[in-house]
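Asker: Okay, so here is data-v5.txt, and as you'll see once you scroll down, it has compact mmCIF, C-alpha atoms.
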```
# COMPACT_ATOMS: atom_id res chain seq x y z
CA PRO A 1 85.73 120.98 130.88
CA GLU A 2 87.89 124.02 131.84
CA PRO A 3 91.27 122.43 131.08
CA GLU A 4 89.77 120.86 127.94
CA ALA A 5 88.68 124.26 126.67
CA ALA A 6 92.21 125.56 127.20
CA VAL A 7 93.65 122.61 125.29
CA ALA A 8 91.14 123.12 122.50
CA ALA A 9 92.33 126.73 122.20
CA LEU A 10 95.97 125.57 122.07
CA ALA A 11 95.11 123.11 119.33
CA GLU A 12 93.41 125.73 117.21
CA GLU A 13 96.42 128.02 117.57
CA ALA A 14 98.74 125.22 116.40
CA GLY A 15 97.09 124.83 113.02
CA GLU A 16 93.95 125.13 110.98
CA VAL A 17 91.19 122.79 112.09
CA LEU A 18 90.79 120.31 109.26
CA GLY A 19 89.96 116.67 108.75
CA LEU A 20 87.59 114.32 110.51
CA ARG A 21 89.24 114.32 113.92
CA GLU A 22 87.57 116.95 116.07
CA THR A 23 89.12 119.46 118.45
CA ALA A 24 87.10 117.89 121.27
CA GLU A 25 88.81 114.51 120.67
CA ILE A 26 92.24 116.14 120.80
CA ALA A 27 91.41 118.10 123.91
CA ALA A 28 90.06 114.98 125.65
CA ARG A 29 93.15 112.90 124.90
CA ALA A 30 95.65 115.67 125.70
CA THR A 31 93.92 116.27 129.03
CA GLU A 32 94.11 112.54 129.84
CA LEU A 33 97.80 112.44 128.96
CA ALA A 34 98.48 115.45 131.16
CA ALA A 35 96.63 113.85 134.06
CA ALA A 36 98.57 110.60 133.61
CA ALA A 37 101.84 112.52 133.58
CA GLY A 38 100.89 114.07 136.90
CA GLU A 39 100.40 110.73 138.65
CA PRO A 40 103.06 109.51 141.10
CA PRO A 41 105.64 107.11 139.65
CA MET A 42 105.33 103.34 140.03
CA ASP A 43 106.77 101.64 143.15
CA PRO A 44 110.38 100.84 142.13
CA ALA A 45 110.00 97.29 143.47
CA HIS A 46 107.17 96.73 140.97
CA GLY A 47 109.34 98.10 138.18
CA ARG A 48 112.17 95.74 139.11
CA LEU A 49 109.78 92.78 139.19
CA ILE A 50 108.44 93.61 135.72
CA GLU A 51 111.98 93.90 134.36
CA ALA A 52 112.99 90.61 135.94
CA ALA A 53 109.97 88.86 134.44
CA LEU A 54 110.68 90.34 130.98
CA ALA A 55 114.27 89.10 131.20
CA VAL A 56 113.20 85.45 131.54
CA SER A 57 114.54 83.55 128.57
CA GLY A 58 115.39 79.91 127.86
CA PRO A 59 113.84 76.53 127.13
CA ALA A 60 110.10 76.78 127.84
CA PRO A 61 109.79 74.43 130.85
CA GLN A 62 112.67 76.18 132.62
CA ALA A 63 111.29 79.59 131.76
CA LEU A 64 107.93 78.61 133.23
CA ALA A 65 109.58 77.42 136.44
CA GLU A 66 111.49 80.71 136.68
CA LEU A 67 108.32 82.76 136.14
CA ASP A 68 106.45 80.68 138.74
CA ARG A 69 109.19 81.51 141.22
CA LEU A 70 109.46 85.22 140.37
CA LEU A 71 105.74 85.90 140.21
CA ALA A 72 104.54 83.83 143.17
CA GLY A 73 102.06 85.85 145.21
CA THR A 74 101.36 88.48 142.55
CA GLY A 75 97.70 87.58 142.40
CA PRO A 76 95.12 85.40 140.66
CA ALA A 77 95.40 86.95 137.18
CA VAL A 78 99.10 86.14 136.92
CA ALA A 79 98.54 82.70 138.48
CA ALA A 80 95.87 81.95 135.85
CA ALA A 81 98.21 83.04 133.03
CA LEU A 82 100.97 80.78 134.33
CA GLU A 83 98.46 77.90 134.51
CA ARG A 84 97.55 78.49 130.86
CA PHE A 85 101.27 78.49 129.96
CA ALA A 86 101.67 75.11 131.69
CA ASP A 87 98.54 73.74 129.99
CA ARG A 88 99.79 74.91 126.61
CA LEU A 89 103.13 73.14 127.07
CA ALA A 90 101.27 69.96 128.03
CA ALA A 91 99.08 70.24 124.93
CA LEU A 92 102.17 70.76 122.74
CA GLU A 93 103.73 67.61 124.22
CA VAL A 94 100.57 65.65 123.39
CA ALA A 95 100.85 66.98 119.83
CA GLY A 96 104.39 65.61 119.60
CA ILE A 97 106.39 68.82 120.07
CA ALA A 98 109.44 68.43 122.31
CA THR A 99 108.79 71.37 124.62
CA ALA A 100 112.07 70.81 126.49
CA GLU A 101 113.77 72.41 123.44
CA LEU A 102 111.22 75.11 122.70
CA PRO A 103 112.76 78.56 123.15
CA PHE A 104 110.80 81.05 125.27
CA ASP A 105 111.48 84.77 125.64
CA ALA A 106 109.30 86.78 128.00
CA ASP A 107 110.02 89.95 126.07
CA PHE A 108 109.08 88.50 122.69
CA GLY A 109 106.10 90.29 121.28
CA ARG A 110 104.59 90.59 117.87
CA LYS A 111 105.10 94.09 116.51
CA LEU A 112 101.42 94.57 115.98
CA GLU A 113 99.61 95.54 119.13
CA TYR A 114 96.37 93.78 118.35
CA TYR A 115 97.95 90.54 119.57
CA ASP A 116 96.83 90.30 123.19
CA GLY A 117 97.48 86.67 124.14
CA PHE A 118 99.84 83.85 123.22
CA VAL A 119 102.22 84.86 120.40
CA PHE A 120 104.77 82.81 118.50
CA GLU A 121 107.32 82.91 115.72
CA VAL A 122 108.98 80.15 113.70
CA ALA A 123 112.56 80.64 112.51
CA ALA A 124 114.85 78.39 110.48
CA ALA A 125 117.70 77.28 112.73
CA GLY A 126 121.11 78.30 111.44
CA ARG A 127 119.73 80.48 108.64
CA PRO A 128 120.22 84.09 109.77
CA GLY A 129 119.68 85.32 106.23
CA LEU A 130 116.05 84.18 106.16
CA PRO A 131 113.20 86.16 107.68
CA PRO A 132 110.94 84.37 110.22
CA LEU A 133 109.13 81.56 108.39
CA ALA A 134 105.86 82.05 110.26
CA GLY A 135 104.33 83.98 113.12
CA GLY A 136 101.05 84.78 114.79
CA GLY A 137 99.02 84.50 117.94
CA ARG A 138 95.80 85.39 119.68
CA TYR A 139 93.93 88.69 119.29
CA ASP A 140 90.62 88.24 121.06
CA SER A 141 90.10 91.93 121.73
CA MET A 142 90.29 92.82 118.05
CA THR A 143 86.85 91.42 117.37
CA ALA A 144 85.41 93.61 120.12
CA ARG A 145 87.19 96.59 118.68
CA LEU A 146 85.65 95.86 115.30
CA GLY A 147 82.20 95.76 116.87
CA ALA A 148 81.54 92.14 117.88
CA ALA A 149 79.40 91.99 120.99
CA PRO A 150 80.11 89.70 122.74
CA PRO A 151 83.75 89.53 121.49
CA VAL A 152 84.68 86.52 119.38
CA PRO A 153 87.94 84.73 120.28
CA ALA A 154 90.43 84.94 117.42
CA VAL A 155 93.78 83.39 116.56
CA GLY A 156 95.78 83.69 113.37
CA GLY A 157 99.17 83.46 111.82
CA MET A 158 101.05 83.98 108.62
CA ILE A 159 103.54 81.82 106.73
CA ARG A 160 106.14 83.19 104.34
CA PRO A 161 105.99 80.57 101.56
CA GLU A 162 109.24 81.58 99.85
CA ALA A 163 111.20 81.62 103.11
CA ALA A 164 109.70 78.29 104.17
CA LEU A 165 110.68 76.73 100.83
CA ALA A 166 114.16 78.25 101.02
CA ALA A 167 114.58 76.84 104.53
CA GLY A 168 113.90 73.39 103.12
CA GLU A 169 116.78 73.76 100.71
CA PRO A 170 120.46 73.69 101.65
CA GLY A 171 121.51 77.20 102.73
CA MET B 1 127.10 94.37 70.50
CA THR B 2 125.16 96.12 73.23
CA ARG B 3 125.34 99.85 73.67
CA LEU B 4 124.97 100.93 77.26
CA VAL B 5 121.60 102.60 77.83
CA LEU B 6 121.45 105.29 80.49
CA GLY B 7 117.95 106.31 81.60
CA LEU B 8 117.50 109.94 82.65
CA PRO B 9 114.44 111.84 83.90
CA SER B 10 112.59 113.38 80.99
CA LYS B 11 111.46 116.63 82.54
CA GLY B 12 111.71 119.15 85.30
CA ARG B 13 114.42 120.17 87.70
CA LEU B 14 115.71 116.61 88.00
CA MET B 15 116.22 116.41 84.24
CA GLU B 16 118.16 119.69 84.18
CA ASP B 17 120.24 118.77 87.22
CA SER B 18 121.02 115.29 85.86
CA PHE B 19 122.12 116.70 82.51
CA GLY B 20 124.27 119.22 84.41
CA TRP B 21 125.83 116.54 86.61
CA PHE B 22 126.92 114.48 83.60
CA ALA B 23 128.08 117.58 81.73
CA GLU B 24 130.38 118.48 84.63
CA ARG B 25 131.94 115.05 84.19
CA GLY B 26 132.51 115.36 80.46
CA ILE B 27 129.33 113.71 79.17
CA ALA B 28 127.17 116.22 77.32
CA VAL B 29 123.55 115.14 76.98
CA ARG B 30 121.35 116.96 74.48
CA ARG B 31 117.74 116.38 73.58
CA SER B 32 117.38 115.42 69.94
CA GLY B 33 114.45 116.15 67.68
CA GLN B 34 111.53 118.25 68.90
CA ASP B 35 111.21 119.23 72.54
CA ARG B 36 108.30 116.84 73.00
CA THR B 37 110.16 113.67 72.02
CA TYR B 38 111.79 111.46 74.62
CA ALA B 39 115.02 111.19 72.69
CA ALA B 40 118.47 112.43 73.58
CA VAL B 41 122.07 111.83 72.60
CA ALA B 42 125.27 111.89 74.61
CA LYS B 43 128.67 113.11 73.52
CA GLY B 44 131.84 112.34 75.36
CA LEU B 45 131.69 108.57 75.78
CA ASP B 46 131.55 105.95 73.01
CA GLY B 47 128.88 103.26 73.22
CA LEU B 48 126.48 105.28 75.37
CA ASP B 49 122.81 105.80 74.51
CA ILE B 50 120.37 107.94 76.47
CA ALA B 51 116.74 107.05 77.17
CA LEU B 52 114.52 109.76 78.58
CA LEU B 53 111.84 108.35 80.89
CA SER B 54 109.61 109.80 83.55
CA ALA B 55 111.28 109.55 86.96
CA ALA B 56 108.58 107.10 88.08
CA GLU B 57 109.23 104.76 85.12
CA ILE B 58 112.97 104.48 85.73
CA PRO B 59 112.85 102.00 88.64
CA ALA B 60 110.73 99.57 86.60
CA ALA B 61 113.03 100.02 83.61
CA LEU B 62 116.00 99.17 85.88
CA THR B 63 114.30 96.12 87.43
CA GLN B 64 113.39 94.78 84.00
CA GLY B 65 116.84 95.49 82.58
CA ARG B 66 115.46 97.71 79.83
CA ILE B 67 118.18 100.20 80.75
CA HIS B 68 121.67 99.46 82.07
CA CYS B 69 121.87 102.48 84.34
CA GLY B 70 119.46 105.17 85.41
CA VAL B 71 119.08 108.29 87.51
CA THR B 72 116.17 108.30 89.93
CA GLY B 73 115.42 108.92 93.58
CA ASP B 74 116.04 106.52 96.48
CA ASP B 75 112.36 106.94 97.34
CA LEU B 76 111.13 105.55 94.03
CA VAL B 77 113.63 102.68 94.01
CA ARG B 78 112.91 101.63 97.60
CA GLU B 79 109.16 101.86 96.96
CA ALA B 80 109.39 99.78 93.78
CA MET B 81 111.72 97.14 95.23
CA PRO B 82 110.70 96.46 98.82
CA ASP B 83 112.04 92.94 98.97
CA ARG B 84 115.31 91.92 100.48
CA ALA B 85 117.08 91.20 97.18
CA PRO B 86 117.03 94.40 95.14
CA ARG B 87 118.02 93.95 91.56
CA VAL B 88 119.80 97.27 91.30
CA ARG B 89 123.01 98.72 92.71
CA ARG B 90 123.47 102.29 93.82
CA LEU B 91 126.59 103.58 92.07
CA ALA B 92 126.68 107.20 93.19
CA ALA B 93 124.67 109.97 94.79
CA LEU B 94 124.24 112.95 92.53
CA GLY B 95 123.98 115.52 95.30
CA ILE B 96 120.61 116.67 94.00
CA GLY B 97 116.94 115.96 94.59
CA GLY B 98 117.31 115.65 98.36
CA ALA B 99 113.98 115.01 100.08
CA ASP B 100 112.55 113.00 102.97
CA VAL B 101 109.67 110.53 102.97
CA VAL B 102 107.75 111.32 106.15
CA VAL B 103 104.57 110.69 108.15
CA ALA B 104 102.60 113.89 108.64
CA VAL B 105 99.40 114.73 110.52
CA PRO B 106 97.32 117.89 110.88
CA ALA B 107 99.36 120.41 112.87
CA PHE B 108 96.46 121.06 115.24
CA TRP B 109 96.69 117.46 116.54
CA ILE B 110 98.76 118.71 119.45
CA ASP B 111 98.30 115.41 121.28
CA VAL B 112 100.10 113.51 118.51
CA GLU B 113 103.89 113.82 118.29
CA THR B 114 105.03 110.25 117.65
CA MET B 115 104.00 107.06 115.91
CA GLY B 116 103.07 105.76 119.38
CA ASP B 117 100.57 108.61 119.69
CA LEU B 118 99.26 107.85 116.20
CA ASP B 119 98.80 104.22 117.23
CA GLN B 120 96.67 105.21 120.23
CA VAL B 121 94.69 107.71 118.19
CA ALA B 122 94.04 105.11 115.49
CA ALA B 123 92.57 102.77 118.08
CA ARG B 124 90.13 105.41 119.36
CA PHE B 125 89.39 106.81 115.94
CA ARG B 126 87.63 103.67 114.80
CA ALA B 127 85.39 103.63 117.88
CA ARG B 128 84.47 107.27 117.41
CA HIS B 129 84.14 107.49 113.63
CA GLY B 130 83.14 103.97 112.62
CA HIS B 131 86.03 103.31 110.26
CA GLY B 132 89.79 102.91 110.53
CA LEU B 133 92.19 105.83 110.41
CA ARG B 134 93.20 106.45 106.80
CA VAL B 135 96.68 107.31 105.55
CA ALA B 136 97.01 108.76 102.05
CA THR B 137 100.21 108.03 100.14
CA LYS B 138 101.80 107.15 96.85
CA TYR B 139 104.38 105.07 98.75
CA PRO B 140 102.32 102.10 99.97
CA ASN B 141 105.29 99.75 100.38
CA LEU B 142 107.42 102.25 102.31
CA ALA B 143 104.42 103.26 104.44
CA ARG B 144 103.38 99.68 105.22
CA ALA B 145 106.91 98.60 106.22
CA PHE B 146 107.38 101.67 108.44
CA PHE B 147 104.02 101.34 110.17
CA HIS B 148 104.73 97.65 110.81
CA GLU B 149 108.16 98.49 112.21
CA LYS B 150 106.55 101.03 114.55
CA GLY B 151 103.84 98.58 115.58
CA VAL B 152 100.91 100.52 114.14
CA ALA B 153 98.32 98.15 112.71
CA ASP B 154 94.84 99.68 112.79
CA TYR B 155 94.93 101.93 109.73
CA ARG B 156 94.16 101.78 106.04
CA LEU B 157 96.25 103.09 103.15
CA ILE B 158 94.55 105.32 100.59
CA ASP B 159 96.20 105.56 97.18
CA SER B 160 96.98 109.17 96.38
CA GLN B 161 98.72 110.05 93.17
CA GLY B 162 97.91 113.75 93.18
CA ALA B 163 98.23 116.32 95.95
CA THR B 164 98.61 113.97 98.91
CA GLU B 165 98.96 116.88 101.34
CA ALA B 166 95.39 118.00 100.56
CA ALA B 167 93.87 114.67 101.63
CA PRO B 168 93.13 115.52 105.28
CA LYS B 169 91.44 118.79 104.35
CA ASN B 170 89.48 117.00 101.62
CA LEU B 171 88.42 114.40 104.22
CA THR B 172 89.85 111.55 102.15
CA ALA B 173 92.44 110.64 104.81
CA GLU B 174 93.43 111.56 108.37
CA ALA B 175 97.23 111.42 107.92
CA ILE B 176 99.71 111.17 105.06
CA VAL B 177 103.00 109.60 104.05
CA ASP B 178 104.58 111.94 101.54
CA ILE B 179 107.90 113.25 100.26
CA THR B 180 109.03 116.70 101.35
CA SER B 181 112.12 118.76 100.63
CA THR B 182 111.75 122.10 102.42
CA GLY B 183 108.61 121.29 104.38
CA GLU B 184 106.97 124.33 102.83
CA THR B 185 104.10 122.44 101.21
CA LEU B 186 103.32 120.56 104.41
CA ARG B 187 103.25 123.76 106.44
CA ALA B 188 101.13 125.50 103.82
CA ASN B 189 98.63 122.66 104.17
CA HIS B 190 98.66 122.89 107.99
CA LEU B 191 100.40 119.53 108.43
CA ARG B 192 103.28 118.59 110.72
CA VAL B 193 105.85 115.76 110.50
CA LEU B 194 105.85 113.37 113.48
CA ASP B 195 108.99 113.53 115.68
CA ASP B 196 109.84 109.92 114.76
CA GLY B 197 108.09 110.12 111.40
CA LEU B 198 111.14 110.10 109.10
CA ILE B 199 110.79 107.02 106.90
CA LEU B 200 113.58 107.60 104.38
CA ARG B 201 116.13 110.26 103.47
CA SER B 202 116.11 110.25 99.70
CA GLU B 203 118.20 111.84 97.00
CA ALA B 204 118.76 111.33 93.28
CA ALA B 205 121.27 108.59 92.54
CA LEU B 206 122.78 106.71 89.64
CA TRP B 207 121.72 103.05 89.67
CA LEU B 208 122.95 99.98 87.83
CA ALA B 209 120.53 97.26 86.66
CA ASP B 210 121.64 93.66 87.25
CA ALA B 211 118.98 92.43 84.82
CA ALA B 212 120.26 94.35 81.77
CA VAL B 213 122.28 92.59 79.06
CA TRP B 214 125.87 92.94 80.22
CA ASP B 215 127.98 91.67 77.34
CA GLY B 216 131.59 92.64 76.65
CA PRO B 217 130.86 95.94 74.90
CA ALA B 218 128.34 97.03 77.56
CA ARG B 219 130.85 96.26 80.31
CA ARG B 220 133.56 98.19 78.45
CA THR B 221 131.29 101.20 78.17
CA LEU B 222 130.46 100.87 81.86
CA ARG B 223 134.15 100.92 82.75
CA GLY B 224 134.56 104.03 80.63
CA LEU B 225 131.53 105.63 82.30
CA ALA B 226 132.82 104.74 85.77
CA ALA B 227 136.24 106.21 84.97
CA ARG B 228 134.62 109.41 83.67
CA LEU B 229 132.48 109.70 86.80
CA GLY B 230 135.35 108.93 89.15
CA LEU B 231 133.79 105.69 90.41
CA ASP B 232 135.18 102.19 90.86
CA ALA B 233 133.74 100.04 88.08
CA PRO B 234 131.36 97.48 89.63
CA ALA B 235 132.09 93.81 88.97
```
Represent the structure contained in this file as structure tokens.
Answerer:
Amino acid sequence: PEPEAAVAALAEEAGEVLGLRETAEIAARATELAAAAGEPPMDPAHGRLIEAALAVSGPAPQALAELDRLLAGTGPAVAAALERFADRLAALEVAGIATAELPFDADFGRKLEYYDGFVFEVAAAGRPGLPPLAGGGRYDSMTARLGAAPPVPAVGGMIRPEAALAAGEPG
Amino acid sequence: MTRLVLGLPSKGRLMEDSFGWFAERGIAVRRSGQDRTYAAVAKGLDGLDIALLSAAEIPAALTQGRIHCGVTGDDLVREAMPDRAPRVRRLAALGIGGADVVVAVPAFWIDVETMGDLDQVAARFRARHGHGLRVATKYPNLARAFFHEKGVADYRLIDSQGATEAAPKNLTAEAIVDITSTGETLRANHLRVLDDGLILRSEAALWLADAAVWDGPARRTLRGLAARLGLDAPA
């Protein structure tokens, strides 16, 4: 409460209080950020492990093997995620997708932060002038954020019709 | 036999500065008829007609080929033509009308300096206030593309044709995307530009419309215009 009052005073000095967002909200968040900044830095070994995992890139089965190796012993949550990755590749095979050729990049992420699970993008090979033809993924936590209790699982994607049609024509 | 139609802003500082820019290069533009009519004539280049249009109409007139060339701001062109294949070409900057399209928030939001901060605030805002964070703007395409680029998703655009900078105080939006030249109006309204909130540096430019009728005479006039303005004639 003391530091928050000081932050609230700073805020009011910085500009007229206007709009829906209240000084108390600003003070609360600024205080949290200051506390986080004061915490000790991450163990460098953990940082290196995260960077190594994010650098994994290649055909999906190989990428999975590499991640299994790198992340062995990091705990049940990671192990469960790697299991789901393996299950997904198996399901794709059953659906007729040759996963041996499917590119995987650990650092690929949709720009929009509401995606919090599997994410994907479809590009036309050899057509650098075209934008991605499709993209999407899972965003289970969005439904909770919008008020669903319990949260409703959600997946979605978008297709760019003009790009998809153009990809079907000779470049 | 097509005369080349040059669209110029019909009022304000931009009109005066555009007329002055062409006058310096030997093309004298004069309003014809009463002050209130949108008619003007040009002396100094054969085959050239002038159309006076509001600055906001000029991008549409260019896209539709109703004018061959036109003077308007980068901001209005980029907002009107967000796709990857613009139908206009930028021939020259006029050195006038410089302004930035920016993201601004209330200055007292001392915990918000970047789009990353805005993203976090947007997420909490909904939980606290029951609706998404609102951004007032008359540049929905520019705003949407920028917010996507910066990974901010949980917000809603509010159309604002009037005094955008008054929206937060009027409780019609929490943040704005607006154009600013000196920053004076933003400061006067107790708003601050985010550190990484520059969307576009804009200035007034002379544009060429691919969709206009470019027959022999129009092309000849264009070559004459380009020579007069000290530009390479576009193909």
Asker: Return the neighbours of chain A among the residues of chain B, cut-off 7 Å, counting all atoms listed in the file, as a tab-separated table (two decimals) with C-alpha atoms, keeping the file's coordinate frame.
Answerer:
```tsv
chain	number	residue	atom	x	y	z
B	107	ALA	CA	99.36	120.41	112.87
B	108	PHE	CA	96.46	121.06	115.24
B	109	TRP	CA	96.69	117.46	116.54
B	110	ILE	CA	98.76	118.71	119.45
B	111	ASP	CA	98.30	115.41	121.28
B	148	HIS	CA	104.73	97.65	110.81
B	149	GLU	CA	108.16	98.49	112.21
B	151	GLY	CA	103.84	98.58	115.58
B	152	VAL	CA	100.91	100.52	114.14
B	153	ALA	CA	98.32	98.15	112.71
B	168	PRO	CA	93.13	115.52	105.28
B	169	LYS	CA	91.44	118.79	104.35
B	171	LEU	CA	88.42	114.40	104.22
B	174	GLU	CA	93.43	111.56	108.37
B	190	HIS	CA	98.66	122.89	107.99
```
Asker: Might you pull out every residue within 10 Å of Asp119 of chain B, with only C-alpha atoms counted and same-chain residues fewer than 4 positions away left off, and present them as a PyMOL selection string?
Answerer: (chain A and resi 113) or (chain B and resi 112+114-115+123-125+133+147+150-155)
Asker: Compile the contact shell of Pro103 of chain A as a ChimeraX atom specification: residues with an atom at most 8 Å away, counting only C-alpha atoms, same-chain residues fewer than 5 positions apart removed.
Answerer: /A:57-60
Asker: By how many Å are atom CA of Leu53 of chain B and atom CA of Ser10 of chain B apart?
Answerer: 5.1 Å
Asker: Using only C-alpha atoms, which protein or nucleic acid residues come within 9 Å of Asp17 of chain B? Drop anything in the same chain fewer than 6 positions from it, and give the result as an MDAnalysis selection string.
Answerer: chainID B and resid 94 96:97
Asker: So which one's closest to Pro170 of chain A, A:Arg127, A:Ala53, A:Val119, A:Ala134? Using only C-alpha atoms, please.
Answerer: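 Checking each candidate against Pro170 of chain A, we get A:Arg127 as the closest.
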Asker: Ranking B:Leu186, B:Ala60, B:Arg3, B:Val105 by minimum distance to Asp46 of chain B and counting all atoms listed in the file, which one comes first?
Answerer: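 Among the listed residues, the smallest separation from Asp46 of chain B belongs to B:Arg3.
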Asker: Show which residues sit within 8 Å of segment 86-90 of chain A, as a PyMOL selection string. Count all atoms listed in the file, and ignore same-chain residues fewer than 3 positions away.
Answerer: chain A and resi 60-61+64+82-83+93-94+99
Asker: Env of Ala81 of chain A: 12 Å cut, atoms = all atoms listed in the file, seq-sep filter 3 positions within chain, self excluded. Answer as a count of residues only.
Answerer: 17
Asker: Which of these, B:Leu231, B:Ala42, B:Ile50, B:Ala23, has the shortest distance to Leu6 of chain B once you count all atoms listed in the file?
Answerer: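 Smallest distance to Leu6 of chain B is found for B:Ile50.
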Asker: Just give me the gap between atom CA of Gln64 of chain B and atom CA of Val5 of chain B in Å, one decimal is fine.
Answerer: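 Distance reported for this atom pair: 12.9 Å.
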Asker: In Å, how far is it from atom CA of Pro3 of chain A to atom CA of Gln120 of chain B?
Answerer: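 Rounded to one decimal, the two atoms are 21.1 Å apart.
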Asker: Taking all atoms listed in the file into account, name the residue in B:Val193, B:Ala143, B:Ala188, B:Ala56 that is nearest to Ala104 of chain B.
Answerer: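 The shortest atom-to-atom distance to Ala104 of chain B comes from B:Val193.
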Asker: Restricting the calculation to only C-alpha atoms: of A:Ala125, A:Ala79, A:Ala65, A:Leu54, which residue gets closest to Gly109 of chain A?
Answerer: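 Once distances to Gly109 of chain A are computed over only C-alpha atoms, the minimum belongs to A:Leu54.
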